[in-house]
>>> print(open('model18.csv').read())   # CSV, C-alpha atoms and all ligand atoms
chain,number,residue,atom,x,y,z
Y,221,MET,CA,-10.1,-8.0,206.7
Y,222,TYR,CA,-13.7,-8.4,205.6
Y,223,LEU,CA,-16.2,-6.5,207.6
Y,224,VAL,CA,-19.9,-7.5,207.3
Y,225,GLN,CA,-21.7,-4.3,207.9
Y,226,SER,CA,-24.8,-5.6,209.5
Y,227,ARG,CA,-26.9,-8.8,209.9
Y,228,PRO,CA,-29.7,-9.5,207.5
Y,229,ARG,CA,-33.0,-8.1,208.7
Y,230,PRO,CA,-36.5,-8.9,207.7
Y,231,ALA,CA,-37.8,-7.0,204.7
Y,232,THR,CA,-39.8,-4.0,205.5
Y,233,ASP,CA,-40.5,-2.8,202.0
Y,234,GLY,CA,-43.2,-5.1,200.8
Y,235,ILE,CA,-41.2,-7.0,198.2
Y,236,THR,CA,-42.0,-10.6,198.7
Y,237,GLY,CA,-39.2,-12.9,197.7
Y,238,LEU,CA,-36.0,-11.8,196.1
Y,239,ALA,CA,-37.4,-9.8,193.2
Y,240,GLU,CA,-40.6,-9.0,191.6
Y,241,ALA,CA,-42.0,-7.2,188.6
Y,242,VAL,CA,-44.8,-4.9,189.7
Y,243,VAL,CA,-47.3,-4.1,186.9
Y,244,ASP,CA,-49.4,-1.1,187.3
Y,245,LEU,CA,-52.6,-2.0,185.5
Y,246,SER,CA,-53.8,1.6,185.6
Y,247,ALA,CA,-50.9,2.4,183.3
Y,248,ILE,CA,-52.1,-0.2,180.8
Y,249,ARG,CA,-55.6,1.3,180.9
Y,250,ASP,CA,-54.3,4.8,180.5
Y,251,ASN,CA,-52.2,3.7,177.5
Y,252,VAL,CA,-55.2,2.2,175.8
Y,253,ARG,CA,-57.1,5.4,176.4
Y,254,THR,CA,-54.3,7.5,175.0
Y,255,PHE,CA,-54.6,5.6,171.7
Y,256,ARG,CA,-58.4,5.7,171.8
Y,257,HIS,CA,-58.3,9.4,172.1
Y,258,ARG,CA,-55.7,9.9,169.4
Y,259,VAL,CA,-56.9,7.5,166.6
Y,260,PRO,CA,-60.3,6.9,165.1
Y,261,GLN,CA,-59.7,3.1,164.9
Y,262,GLU,CA,-60.7,0.6,167.6
Y,263,VAL,CA,-57.9,-0.9,169.6
Y,264,LEU,CA,-56.8,-4.5,169.2
Y,265,ALA,CA,-54.5,-5.1,172.3
Y,266,VAL,CA,-51.6,-7.3,171.4
Y,267,VAL,CA,-50.9,-9.5,174.4
Y,268,LYS,CA,-48.5,-12.0,172.8
Y,269,ALA,CA,-45.5,-13.4,174.6
Y,270,ASP,CA,-47.4,-13.3,177.9
Y,271,GLY,CA,-48.3,-9.7,177.4
Y,272,PHE,CA,-44.7,-8.7,176.6
Y,273,GLY,CA,-43.8,-10.4,179.9
Y,274,HIS,CA,-46.3,-8.4,181.9
Y,275,GLY,CA,-48.9,-11.3,182.1
Y,276,ALA,CA,-51.3,-11.8,179.2
Y,277,VAL,CA,-54.5,-12.3,181.2
Y,278,PRO,CA,-54.3,-9.3,183.6
Y,279,VAL,CA,-53.1,-7.0,180.8
Y,280,ALA,CA,-55.9,-8.2,178.5
Y,281,ARG,CA,-58.5,-7.6,181.2
Y,282,ALA,CA,-57.2,-4.1,181.8
Y,283,ALA,CA,-57.1,-3.3,178.1
Y,284,VAL,CA,-60.6,-4.5,177.6
Y,285,GLU,CA,-61.8,-2.5,180.6
Y,286,ALA,CA,-60.3,0.6,179.0
Y,287,GLY,CA,-62.1,0.0,175.7
Y,288,ALA,CA,-60.0,-2.4,173.6
Y,289,THR,CA,-62.4,-4.4,171.5
Y,290,TRP,CA,-60.1,-7.0,170.2
Y,291,LEU,CA,-57.1,-9.1,171.5
Y,292,GLY,CA,-54.2,-10.3,169.4
Y,293,VAL,CA,-51.7,-13.1,170.1
Y,294,ALA,CA,-49.0,-14.7,168.0
Y,295,HIS,CA,-49.3,-18.3,169.1
Y,296,ALA,CA,-52.6,-20.1,169.2
Y,297,SER,CA,-51.7,-21.4,172.7
Y,298,GLU,CA,-51.8,-17.8,174.0
Y,299,ALA,CA,-55.4,-17.5,172.8
Y,300,PHE,CA,-56.5,-20.5,174.7
Y,301,GLU,CA,-55.1,-19.0,177.9
Y,302,LEU,CA,-57.2,-15.9,177.3
Y,303,ARG,CA,-60.4,-17.9,176.7
Y,304,ALA,CA,-59.7,-20.1,179.7
Y,305,ALA,CA,-59.5,-16.9,181.8
Y,306,GLY,CA,-63.0,-15.9,180.6
Y,307,LEU,CA,-62.1,-13.2,178.1
Y,308,THR,CA,-64.8,-13.2,175.5
Y,309,VAL,CA,-63.8,-10.4,173.0
Y,310,PRO,CA,-62.7,-11.5,169.6
Y,311,ILE,CA,-59.2,-12.7,169.4
Y,312,LEU,CA,-56.9,-13.0,166.3
Y,313,THR,CA,-53.9,-15.5,166.2
Y,314,TRP,CA,-51.3,-15.4,163.5
Y,315,LEU,CA,-49.2,-18.5,164.3
Y,316,TYR,CA,-50.8,-21.8,164.8
Y,317,ASP,CA,-50.3,-25.5,164.0
Y,318,ALA,CA,-52.7,-27.6,162.0
Y,319,ALA,CA,-53.2,-29.8,165.1
Y,320,GLU,CA,-54.6,-26.7,167.0
Y,321,LEU,CA,-57.4,-25.9,164.5
Y,322,MET,CA,-60.2,-27.8,166.3
Y,323,LEU,CA,-59.3,-26.1,169.6
Y,324,LEU,CA,-59.2,-22.7,167.9
Y,325,SER,CA,-62.6,-23.4,166.5
Y,326,ASP,CA,-64.0,-24.4,169.9
Y,327,ALA,CA,-62.4,-21.2,171.4
Y,328,GLY,CA,-63.9,-19.0,168.7
Y,329,VAL,CA,-60.6,-17.5,167.7
Y,330,ASP,CA,-60.0,-15.9,164.3
Y,331,VAL,CA,-57.0,-17.3,162.5
Y,332,SER,CA,-54.8,-15.5,160.0
Y,333,VAL,CA,-54.5,-17.1,156.6
Y,334,SER,CA,-51.9,-16.2,154.0
Y,335,THR,CA,-52.2,-18.9,151.3
Y,336,VAL,CA,-54.7,-21.0,149.5
Y,337,ALA,CA,-53.2,-24.1,151.1
Y,338,GLU,CA,-53.7,-22.6,154.6
Y,339,LEU,CA,-57.2,-21.7,153.7
Y,340,GLN,CA,-58.0,-25.2,152.6
Y,341,GLN,CA,-56.7,-26.5,155.8
Y,342,VAL,CA,-58.9,-24.3,158.0
Y,343,VAL,CA,-62.2,-24.1,156.1
Y,344,SER,CA,-64.9,-26.3,157.5
Y,345,VAL,CA,-63.0,-26.3,160.8
Y,346,VAL,CA,-62.5,-22.7,161.9
Y,347,PRO,CA,-65.5,-20.3,161.4
Y,348,TYR,CA,-63.6,-17.0,161.1
Y,349,VAL,CA,-60.5,-16.2,159.1
Y,350,GLN,CA,-58.6,-13.0,158.4
Y,351,LEU,CA,-56.7,-12.9,155.1
Y,352,LYS,CA,-53.2,-11.4,155.4
Y,353,LEU,CA,-51.6,-9.6,152.6
Y,354,ASP,CA,-47.9,-9.0,152.4
Y,355,THR,CA,-47.5,-5.4,151.7
Y,356,GLY,CA,-43.8,-5.2,152.2
Y,357,LEU,CA,-42.6,-6.8,155.5
Y,358,HIS,CA,-41.9,-10.0,153.6
Y,359,ARG,CA,-42.5,-12.2,156.6
Y,360,SER,CA,-45.9,-13.8,156.4
Y,361,GLY,CA,-48.9,-12.8,154.3
Y,362,SER,CA,-50.0,-13.5,150.7
Y,363,ALA,CA,-47.7,-12.4,148.0
Y,364,PRO,CA,-49.6,-9.7,146.0
Y,365,ASP,CA,-49.3,-12.0,142.9
Y,366,HIS,CA,-51.4,-14.7,144.7
Y,367,TRP,CA,-53.9,-12.3,146.3
Y,368,ILE,CA,-56.6,-12.5,143.7
Y,369,GLU,CA,-56.6,-16.3,143.7
Y,370,LEU,CA,-56.7,-16.3,147.5
Y,371,THR,CA,-59.6,-13.9,147.8
Y,372,ARG,CA,-61.6,-15.7,145.0
Y,373,THR,CA,-61.0,-19.0,146.7
Y,374,ALA,CA,-62.1,-17.6,150.0
Y,375,ALA,CA,-65.2,-16.0,148.5
Y,376,HIS,CA,-66.0,-19.4,147.0
Y,377,TYR,CA,-65.8,-21.1,150.4
Y,378,GLU,CA,-67.7,-18.3,152.0
Y,379,ALA,CA,-70.5,-18.8,149.5
Y,380,LEU,CA,-70.6,-22.4,150.5
Y,381,GLY,CA,-71.0,-21.4,154.1
Y,382,ALA,CA,-67.6,-23.1,155.0
Y,383,VAL,CA,-66.0,-20.0,156.4
Y,384,THR,CA,-66.4,-16.3,157.1
Y,385,VAL,CA,-63.7,-13.9,156.1
Y,386,ARG,CA,-63.9,-11.5,159.0
Y,387,GLY,CA,-60.9,-9.4,158.2
Y,388,ILE,CA,-58.1,-8.3,155.9
Y,389,TRP,CA,-54.9,-7.2,157.3
Y,390,SER,CA,-51.2,-6.6,156.9
Y,391,HIS,CA,-48.2,-5.6,159.0
Y,392,LEU,CA,-45.9,-2.6,158.6
Y,393,SER,CA,-42.1,-3.1,158.0
Y,394,HIS,CA,-41.1,0.3,159.3
Y,395,GLY,CA,-43.8,0.9,161.9
Y,396,ASP,CA,-41.3,2.0,164.5
Y,397,SER,CA,-39.8,4.8,162.4
Y,398,ALA,CA,-41.3,8.2,162.0
Y,399,ASP,CA,-40.5,8.1,158.3
Y,400,ALA,CA,-44.0,7.3,157.0
Y,401,VAL,CA,-43.1,6.8,153.3
Y,402,GLN,CA,-42.9,3.0,153.4
Y,403,SER,CA,-45.9,2.8,155.7
Y,404,GLU,CA,-47.9,5.0,153.3
Y,405,ARG,CA,-46.9,2.7,150.4
Y,406,GLN,CA,-48.0,-0.3,152.4
Y,407,LEU,CA,-51.3,1.4,153.2
Y,408,GLN,CA,-51.9,2.0,149.4
Y,409,LEU,CA,-51.2,-1.7,148.7
Y,410,LEU,CA,-53.6,-2.8,151.4
Y,411,ARG,CA,-56.3,-0.5,150.0
Y,412,THR,CA,-55.8,-2.1,146.6
Y,413,GLY,CA,-56.0,-5.5,148.3
Y,414,VAL,CA,-59.2,-4.7,150.0
Y,415,SER,CA,-60.9,-3.5,146.8
Y,416,LEU,CA,-59.8,-6.6,145.0
Y,417,ALA,CA,-61.2,-8.7,147.8
Y,418,ARG,CA,-64.5,-6.8,147.5
Y,419,ARG,CA,-64.5,-7.4,143.8
Y,420,ALA,CA,-64.1,-11.1,144.6
Y,421,GLY,CA,-67.3,-10.8,146.7
Y,422,LEU,CA,-65.8,-10.6,150.2
Y,423,ARG,CA,-67.1,-8.1,152.8
Y,424,PRO,CA,-64.6,-8.0,155.6
Y,425,SER,CA,-65.8,-6.3,158.7
Y,426,VAL,CA,-62.3,-5.3,159.9
Y,427,VAL,CA,-59.3,-4.0,158.0
Y,428,HIS,CA,-56.1,-3.3,159.9
Y,429,LEU,CA,-52.5,-2.4,159.3
Y,430,ALA,CA,-50.9,-0.3,162.0
Y,431,ASN,CA,-48.9,-1.3,165.1
Y,432,SER,CA,-48.4,1.2,168.0
Y,433,ALA,CA,-46.1,3.6,166.2
Y,434,GLY,CA,-47.9,3.2,162.9
Y,435,ALA,CA,-51.2,4.1,164.6
Y,436,ILE,CA,-49.8,7.5,165.3
Y,437,THR,CA,-47.8,8.2,162.2
Y,438,LEU,CA,-50.1,6.8,159.6
Y,439,ASP,CA,-53.3,8.5,158.7
Y,440,ALA,CA,-55.6,5.6,157.8
Y,441,PRO,CA,-59.2,6.4,158.7
Y,442,ASP,CA,-60.5,3.8,156.4
Y,443,THR,CA,-59.0,1.0,158.5
Y,444,ASP,CA,-60.9,-0.3,161.5
Y,445,LEU,CA,-58.4,-1.5,164.0
Y,446,VAL,CA,-54.9,-0.6,165.2
Y,447,ARG,CA,-52.9,-3.4,166.8
Y,448,ILE,CA,-51.3,-2.0,169.9
Y,449,GLY,CA,-48.5,-4.0,171.5
Y,450,ALA,CA,-45.5,-1.9,172.6
Y,451,GLY,CA,-47.6,1.1,173.4
Y,452,LEU,CA,-49.9,-0.9,175.7
Y,453,TYR,CA,-46.9,-1.4,178.0
Y,454,GLY,CA,-45.7,2.1,177.8
Y,455,ILE,CA,-42.9,1.7,175.3
Y,456,ASP,CA,-43.1,5.2,173.9
Y,457,ASP,CA,-40.9,5.6,170.9
Y,458,LEU,CA,-42.9,8.6,169.6
Y,459,GLY,CA,-43.2,10.4,172.9
Y,460,ILE,CA,-47.0,10.5,173.1
Y,461,GLY,CA,-47.2,10.4,176.9
Y,462,LEU,CA,-47.5,6.7,177.5
Y,463,ARG,CA,-46.7,5.3,180.9
Y,464,PRO,CA,-44.3,2.3,181.4
Y,465,ALA,CA,-46.4,-0.2,183.3
Y,466,MET,CA,-43.7,-2.3,184.8
Y,467,ARG,CA,-41.3,-1.7,187.7
Y,468,LEU,CA,-38.7,-4.3,188.4
Y,469,VAL,CA,-37.6,-4.4,192.1
Y,470,SER,CA,-35.4,-6.4,194.3
Y,471,LYS,CA,-33.7,-6.0,197.6
Y,472,LEU,CA,-30.1,-6.1,198.7
Y,473,ALA,CA,-29.2,-9.6,199.7
Y,474,GLN,CA,-25.8,-9.0,201.2
Y,475,VAL,CA,-23.6,-6.0,201.9
Y,476,ARG,CA,-19.8,-5.9,202.6
Y,477,ARG,CA,-16.7,-3.9,202.3
Y,478,ILE,CA,-13.9,-4.5,199.9
Y,479,ARG,CA,-10.5,-2.9,199.7
Y,480,ALA,CA,-9.0,-0.9,196.9
Y,481,GLY,CA,-7.4,-3.4,194.4
Y,482,GLU,CA,-9.9,-6.2,195.0
Y,483,GLY,CA,-11.8,-7.5,192.0
Y,484,VAL,CA,-15.5,-8.3,191.9
Y,485,SER,CA,-17.5,-11.1,190.2
Y,486,TYR,CA,-16.2,-13.6,187.5
Y,487,GLY,CA,-13.0,-12.7,185.8
Y,488,HIS,CA,-12.6,-9.6,188.0
Y,489,ASP,CA,-13.7,-7.3,185.1
Y,490,PHE,CA,-14.1,-4.7,187.9
Y,491,VAL,CA,-11.3,-3.9,190.3
Y,492,ALA,CA,-12.0,-1.4,193.1
Y,493,ASP,CA,-9.9,1.8,192.9
Y,494,ARG,CA,-10.7,2.7,196.5
Y,495,ASP,CA,-12.2,1.0,199.6
Y,496,THR,CA,-15.9,0.7,199.1
Y,497,THR,CA,-19.0,-1.1,200.0
Y,498,ILE,CA,-20.5,-3.7,197.6
Y,499,ALA,CA,-24.0,-4.9,197.7
Y,500,LEU,CA,-25.5,-8.1,196.1
Y,501,VAL,CA,-28.7,-7.9,194.1
Y,502,PRO,CA,-30.1,-11.4,193.8
Y,503,ILE,CA,-31.3,-11.4,190.2
Y,504,GLY,CA,-29.3,-12.3,187.1
Y,505,TYR,CA,-29.4,-13.1,183.5
Y,506,ALA,CA,-31.5,-16.2,184.1
Y,507,ASP,CA,-34.1,-13.7,185.2
Y,508,GLY,CA,-33.7,-11.5,182.2
Y,509,ILE,CA,-31.0,-9.0,183.4
Y,510,PRO,CA,-28.9,-8.7,180.3
Y,511,ARG,CA,-25.3,-9.6,180.7
Y,512,ALA,CA,-24.3,-7.1,178.0
Y,513,ALA,CA,-25.4,-4.2,180.3
Y,514,ALA,CA,-22.4,-4.8,182.6
Y,515,GLY,CA,-20.1,-1.9,182.8
Y,516,ARG,CA,-22.8,0.6,182.0
Y,517,ALA,CA,-25.8,-0.3,184.1
Y,518,SER,CA,-26.9,1.1,187.4
Y,519,VAL,CA,-29.8,0.7,189.8
Y,520,LEU,CA,-31.6,2.9,192.3
Y,521,CYS,CA,-31.2,2.4,196.0
Y,522,ARG,CA,-31.9,5.0,198.7
Y,523,GLY,CA,-32.6,7.5,196.0
Y,524,VAL,CA,-29.1,7.1,194.6
Y,525,ARG,CA,-27.9,5.4,191.4
Y,526,MET,CA,-25.5,2.6,192.2
Y,527,PRO,CA,-23.3,1.3,189.3
Y,528,VAL,CA,-23.5,-2.4,188.5
Y,529,ILE,CA,-19.9,-3.6,188.9
Y,530,GLY,CA,-18.3,-6.7,187.4
Y,531,ARG,CA,-20.1,-9.3,185.3
Y,532,ILE,CA,-23.8,-10.0,185.7
Y,533,ALA,CA,-24.1,-13.6,186.7
Y,534,MET,CA,-26.9,-16.1,186.1
Y,535,ASP,CA,-28.6,-15.4,189.5
Y,536,GLN,CA,-27.1,-12.2,190.8
Y,537,PHE,CA,-25.0,-9.1,190.3
Y,538,VAL,CA,-23.1,-6.6,192.4
Y,539,VAL,CA,-23.4,-2.9,192.8
Y,540,ASP,CA,-21.0,-0.4,194.3
Y,541,ALA,CA,-22.8,1.1,197.2
Y,542,GLY,CA,-20.0,3.6,198.1
Y,543,ASP,CA,-20.2,4.9,201.6
Y,544,LEU,CA,-23.9,5.2,201.9
Y,545,GLY,CA,-24.2,2.6,204.7
Y,546,VAL,CA,-26.8,0.5,203.0
Y,547,GLU,CA,-28.1,-2.6,204.7
Y,548,PRO,CA,-29.3,-6.0,203.6
Y,549,GLY,CA,-33.0,-6.0,202.8
Y,550,GLU,CA,-33.1,-2.5,201.4
Y,551,PRO,CA,-35.2,-2.2,198.3
Y,552,VAL,CA,-33.6,-1.7,194.9
Y,553,THR,CA,-35.3,-0.5,191.7
Y,554,ILE,CA,-33.7,-2.1,188.7
Y,555,PHE,CA,-36.0,-0.3,186.3
Y,556,GLY,CA,-39.3,1.7,186.5
Y,557,ASP,CA,-40.9,4.7,184.8
Y,558,GLY,CA,-37.9,6.9,185.7
Y,559,THR,CA,-39.9,9.4,187.8
Y,560,SER,CA,-38.0,8.7,191.0
Y,561,GLY,CA,-34.6,8.7,189.3
Y,562,GLU,CA,-34.4,5.0,188.6
Y,563,PRO,CA,-33.3,3.7,185.2
Y,564,THR,CA,-36.0,2.8,182.7
Y,565,ALA,CA,-36.3,-0.4,180.7
Y,566,ARG,CA,-35.2,1.7,177.8
Y,567,ASP,CA,-32.0,2.6,179.6
Y,568,TRP,CA,-31.3,-1.1,180.2
Y,569,ALA,CA,-32.1,-1.8,176.6
Y,570,ASP,CA,-29.6,0.9,175.5
Y,571,TRP,CA,-27.0,-0.4,177.9
Y,572,SER,CA,-27.2,-3.9,176.4
Y,573,GLY,CA,-27.8,-3.1,172.7
Y,574,THR,CA,-31.4,-4.3,172.5
Y,575,ILE,CA,-34.9,-2.9,172.7
Y,576,SER,CA,-37.3,-2.6,175.7
Y,577,HIS,CA,-39.5,-5.3,174.1
Y,578,GLU,CA,-36.8,-7.9,174.4
Y,579,LEU,CA,-36.0,-6.9,178.0
Y,580,TYR,CA,-39.7,-7.2,179.1
Y,581,CYS,CA,-40.2,-10.5,177.3
Y,582,GLY,CA,-37.0,-11.9,178.7
Y,583,LEU,CA,-38.0,-11.6,182.3
Y,584,GLY,CA,-37.8,-15.1,183.7
Y,585,LYS,CA,-40.3,-17.1,185.6
Y,586,ARG,CA,-38.3,-16.7,188.9
Y,587,VAL,CA,-39.6,-13.1,188.9
Y,588,PRO,CA,-43.2,-13.1,190.1
Y,589,ARG,CA,-45.5,-10.5,188.6
Y,590,ARG,CA,-47.5,-8.5,191.1
Y,591,TYR,CA,-50.4,-6.3,190.0
Y,592,GLU,CA,-51.2,-3.0,191.5
Y,593,GLU,CA,-53.4,0.0,190.7
Y,594,GLY,CA,-51.2,3.0,190.6
Y,595,THR,CA,-52.3,6.5,191.5
Y,596,ARG,CA,-51.6,9.3,189.1
Y,601,LIG,C1,-46.2,-7.6,167.7
Y,601,LIG,C2,-47.2,-7.2,166.7
Y,601,LIG,C3,-47.9,-6.1,166.8
Y,601,LIG,C4,-47.7,-5.0,167.8
Y,601,LIG,O1,-46.7,-4.2,167.4
Y,601,LIG,P1,-46.1,-3.0,168.4
Y,601,LIG,O2,-45.1,-2.3,167.6
Y,601,LIG,O3,-45.6,-3.7,169.6
Y,601,LIG,O4,-47.3,-2.2,168.7
Y,601,LIG,C5,-48.9,-5.8,165.8
Y,601,LIG,N1,-49.1,-6.7,164.8
Y,601,LIG,C6,-48.4,-7.8,164.7
Y,601,LIG,C7,-48.6,-8.8,163.6
Y,601,LIG,C8,-47.4,-8.2,165.6
Y,601,LIG,O5,-46.7,-9.3,165.5
>>> encode(input="model18.csv", output="structure tokens")
Amino acid sequence: MYLVQSRPRPATDGITGLAEAVVDLSAIRDNVRTFRHRVPQEVLAVVKADGFGHGAVPVARAAVEAGATWLGVAHASEAFELRAAGLTVPILTWLYDAAELMLLSDAGVDVSVSTVAELQQVVSVVPYVQLKLDTGLHRSGSAPDHWIELTRTAAHYEALGAVTVRGIWSHLSHGDSADAVQSERQLQLLRTGVSLARRAGLRPSVVHLANSAGAITLDAPDTDLVRIGAGLYGIDDLGIGLRPAMRLVSKLAQVRRIRAGEGVSYGHDFVADRDTTIALVPIGYADGIPRAAAGRASVLCRGVRMPVIGRIAMDQFVVDAGDLGVEPGEPVTIFGDGTSGEPTARDWADWSGTISHELYCGLGKRVPRRYEEGTR
């Protein structure tokens, strides 16, 4: 009844293991240069969450090679990884624990400070701080009501030589949308915050507000840095010609025929309406393939889109290979930059009701990252 079409053969396609995420570092560099050409500010490359799943250290190195002058991470632990790898450019962290302050000091990392209590905790330990003003995101940052007190206290400590306020910054709430009204309002608030800080005696050397999209939509030549995360990896919400840096590839693990009427994967959500060939892709939701994409998703194999059929399992999913005569070991592109007809991360995000950011960050540790220098 069941016909195995062919025996497994050794891989001939260069994919080592069952799946890998191939990161084109030249795309990272090109994306940094795209921003450098488009905006007057210097680029702070945001490499949090392991460089959005791409690998923080290789991405940071590529970004610095292309002219990024700062690095930004969320958690302090991520800054230590960059320093341990020999990256010497200034780094800003915005989420840290009091127990990490000595290490942050040793690593020479700027810490973000939003309140007088936080400031008192870091002075005399950490040499450089950046004061964060909440201009509307309402996540972290100083409430505008407390800003004068915060800047005056900071100026007091600076005069004592206990700390240097290197920067003043804020984060946009609608940075991803082309509607710049809210961003413009936040910029005005930041400008007011900076002049109040100057009045208190502070002389910050960097002022920054915009993320990737804000860098393009917001005209803020009086700021010094733009904090580029998504854009670094080629997430291109504004269509400015960024290049997706990651390609997720695997290879068919098993190939077999099924008959019309037979169901596939847990619960038989898919039932074949004709005899067909199914092929197993050995990567699942534990690796970051979103379960919610089932029923909509497809992958590229032999230049053809093959629909994902049935539920996506923890370690594997099944595609309908039709009558193409595919064989085990054949390469499959799960997502890439789309230029060969493969889906993009954005397609997967759309199929599963999320954003590319979450897809990239969700790639599990069973998926090795391999680095290459693309040609284009
Ligand atoms: C993640 C993050 C960024 C980067 O935003 P993108 O939209 O990914 O460019 C910038 N600033 C802060 C504070 C962030 O948390």
>>> residues_near_ligand(input="model18.csv", ligand="ligand LIG 601 (chain Y)", cutoff="10 Å", atoms="all atoms listed in the file", output="ChimeraX atom specification")
/Y:264-269,272,292-294,312-315,332,352,359-360,389-392,394-396,428-435,446-453,455-457,577
>>> closest_residue(input="model18.csv", among="Y:Ala492, Y:Val284, Y:Leu302, Y:Ala239", to="Ala480 in chain Y", atoms="all atoms listed in the file")
Y:Ala492
>>> closest_residue(input="model18.csv", among="Y:Ile529, Y:Ala514, Y:Val484, Y:Val524", to="Gly573 in chain Y", atoms="only C-alpha atoms")
Y:Ala514
>>> atom_distance(input="model18.csv", atom1="CA of Val475 in chain Y", atom2="CA of Gly542 in chain Y")
10.9 Å
>>> residues_around(input="model18.csv", residues="Ala420 in chain Y", least_positions_apart="5", cutoff="8 Å", atoms="only C-alpha atoms", output="short mmCIF file (atom, residue, chain, number, x, y, z; two decimals) with C-alpha atoms, in the coordinates of the input")
data_model
loop_
_atom_site.label_atom_id
_atom_site.label_comp_id
_atom_site.auth_asym_id
_atom_site.auth_seq_id
_atom_site.Cartn_x
_atom_site.Cartn_y
_atom_site.Cartn_z
CA ILE Y 368 -56.60 -12.50 143.70
CA THR Y 371 -59.60 -13.90 147.80
CA ARG Y 372 -61.60 -15.70 145.00
CA ALA Y 375 -65.20 -16.00 148.50
#
>>> closest_residue(input="model18.csv", among="Y:Gly356, Y:Gly481, Y:Val426, Y:Ala304", to="Glu404 in chain Y", atoms="all atoms listed in the file")
Y:Gly356
>>> closest_residue(input="model18.csv", among="Y:Leu579, Y:Ala327, Y:Met322, Y:Ala241", to="Ala513 in chain Y", atoms="only C-alpha atoms")
Y:Leu579
>>> closest_residue(input="model18.csv", among="Y:Val501, Y:Lys585, Y:Arg477, Y:Asp557", to="Gly545 in chain Y", atoms="all atoms listed in the file")
Y:Arg477
>>> residues_around(input="model18.csv", residues="Glu320 in chain Y", least_positions_apart="6", cutoff="12 Å", atoms="only C-alpha atoms", output="short mmCIF file (atom, residue, chain, number, x, y, z; two decimals) with C-alpha atoms, in the frame of the given file")
data_model
loop_
_atom_site.label_atom_id
_atom_site.label_comp_id
_atom_site.auth_asym_id
_atom_site.auth_seq_id
_atom_site.Cartn_x
_atom_site.Cartn_y
_atom_site.Cartn_z
CA HIS Y 295 -49.30 -18.30 169.10
CA ALA Y 296 -52.60 -20.10 169.20
CA SER Y 297 -51.70 -21.40 172.70
CA GLU Y 298 -51.80 -17.80 174.00
CA ALA Y 299 -55.40 -17.50 172.80
CA PHE Y 300 -56.50 -20.50 174.70
CA THR Y 313 -53.90 -15.50 166.20
CA ASP Y 326 -64.00 -24.40 169.90
CA ALA Y 327 -62.40 -21.20 171.40
CA VAL Y 329 -60.60 -17.50 167.70
CA VAL Y 331 -57.00 -17.30 162.50
CA GLN Y 341 -56.70 -26.50 155.80
CA VAL Y 342 -58.90 -24.30 158.00
CA VAL Y 345 -63.00 -26.30 160.80
CA VAL Y 346 -62.50 -22.70 161.90
#
>>> residues_around(input="model18.csv", residues="Gly361 in chain Y", least_positions_apart="4", cutoff="7 Å", atoms="all atoms listed in the file", output="MDAnalysis selection string")
chainID Y and resid 334 352:354
>>> write_last_selection(input="model18.csv", atoms="C-alpha atoms", output="short mmCIF file (atom, residue, chain, number, x, y, z; two decimals), keeping the file's coordinate frame")
data_model
loop_
_atom_site.label_atom_id
_atom_site.label_comp_id
_atom_site.auth_asym_id
_atom_site.auth_seq_id
_atom_site.Cartn_x
_atom_site.Cartn_y
_atom_site.Cartn_z
CA SER Y 334 -51.90 -16.20 154.00
CA LYS Y 352 -53.20 -11.40 155.40
CA LEU Y 353 -51.60 -9.60 152.60
CA ASP Y 354 -47.90 -9.00 152.40
#
>>> atom_distance(input="model18.csv", atom1="CA of Gly273 in chain Y", atom2="CA of Val539 in chain Y")
25.3 Å
>>> closest_residue(input="model18.csv", among="Y:Glu378, Y:Glu550, Y:Asp493, Y:Asp507", to="Val587 in chain Y", atoms="only C-alpha atoms")
Y:Asp507
>>> atom_distance(input="model18.csv", atom1="CA of Asp250 in chain Y", atom2="CA of Glu593 in chain Y")
11.3 Å
>>> residues_around(input="model18.csv", residues="Ser415 in chain Y", least_positions_apart="3", cutoff="12 Å", atoms="all atoms listed in the file", output="short mmCIF file (atom, residue, chain, number, x, y, z; two decimals) with C-alpha atoms, in the frame of the given file")
data_model
loop_
_atom_site.label_atom_id
_atom_site.label_comp_id
_atom_site.auth_asym_id
_atom_site.auth_seq_id
_atom_site.Cartn_x
_atom_site.Cartn_y
_atom_site.Cartn_z
CA TRP Y 367 -53.90 -12.30 146.30
CA ILE Y 368 -56.60 -12.50 143.70
CA THR Y 371 -59.60 -13.90 147.80
CA ILE Y 388 -58.10 -8.30 155.90
CA GLN Y 408 -51.90 2.00 149.40
CA LEU Y 409 -51.20 -1.70 148.70
CA LEU Y 410 -53.60 -2.80 151.40
CA ARG Y 411 -56.30 -0.50 150.00
CA THR Y 412 -55.80 -2.10 146.60
CA ARG Y 418 -64.50 -6.80 147.50
CA ARG Y 419 -64.50 -7.40 143.80
CA ALA Y 420 -64.10 -11.10 144.60
CA GLY Y 421 -67.30 -10.80 146.70
CA LEU Y 422 -65.80 -10.60 150.20
CA ARG Y 423 -67.10 -8.10 152.80
CA PRO Y 424 -64.60 -8.00 155.60
CA VAL Y 427 -59.30 -4.00 158.00
#
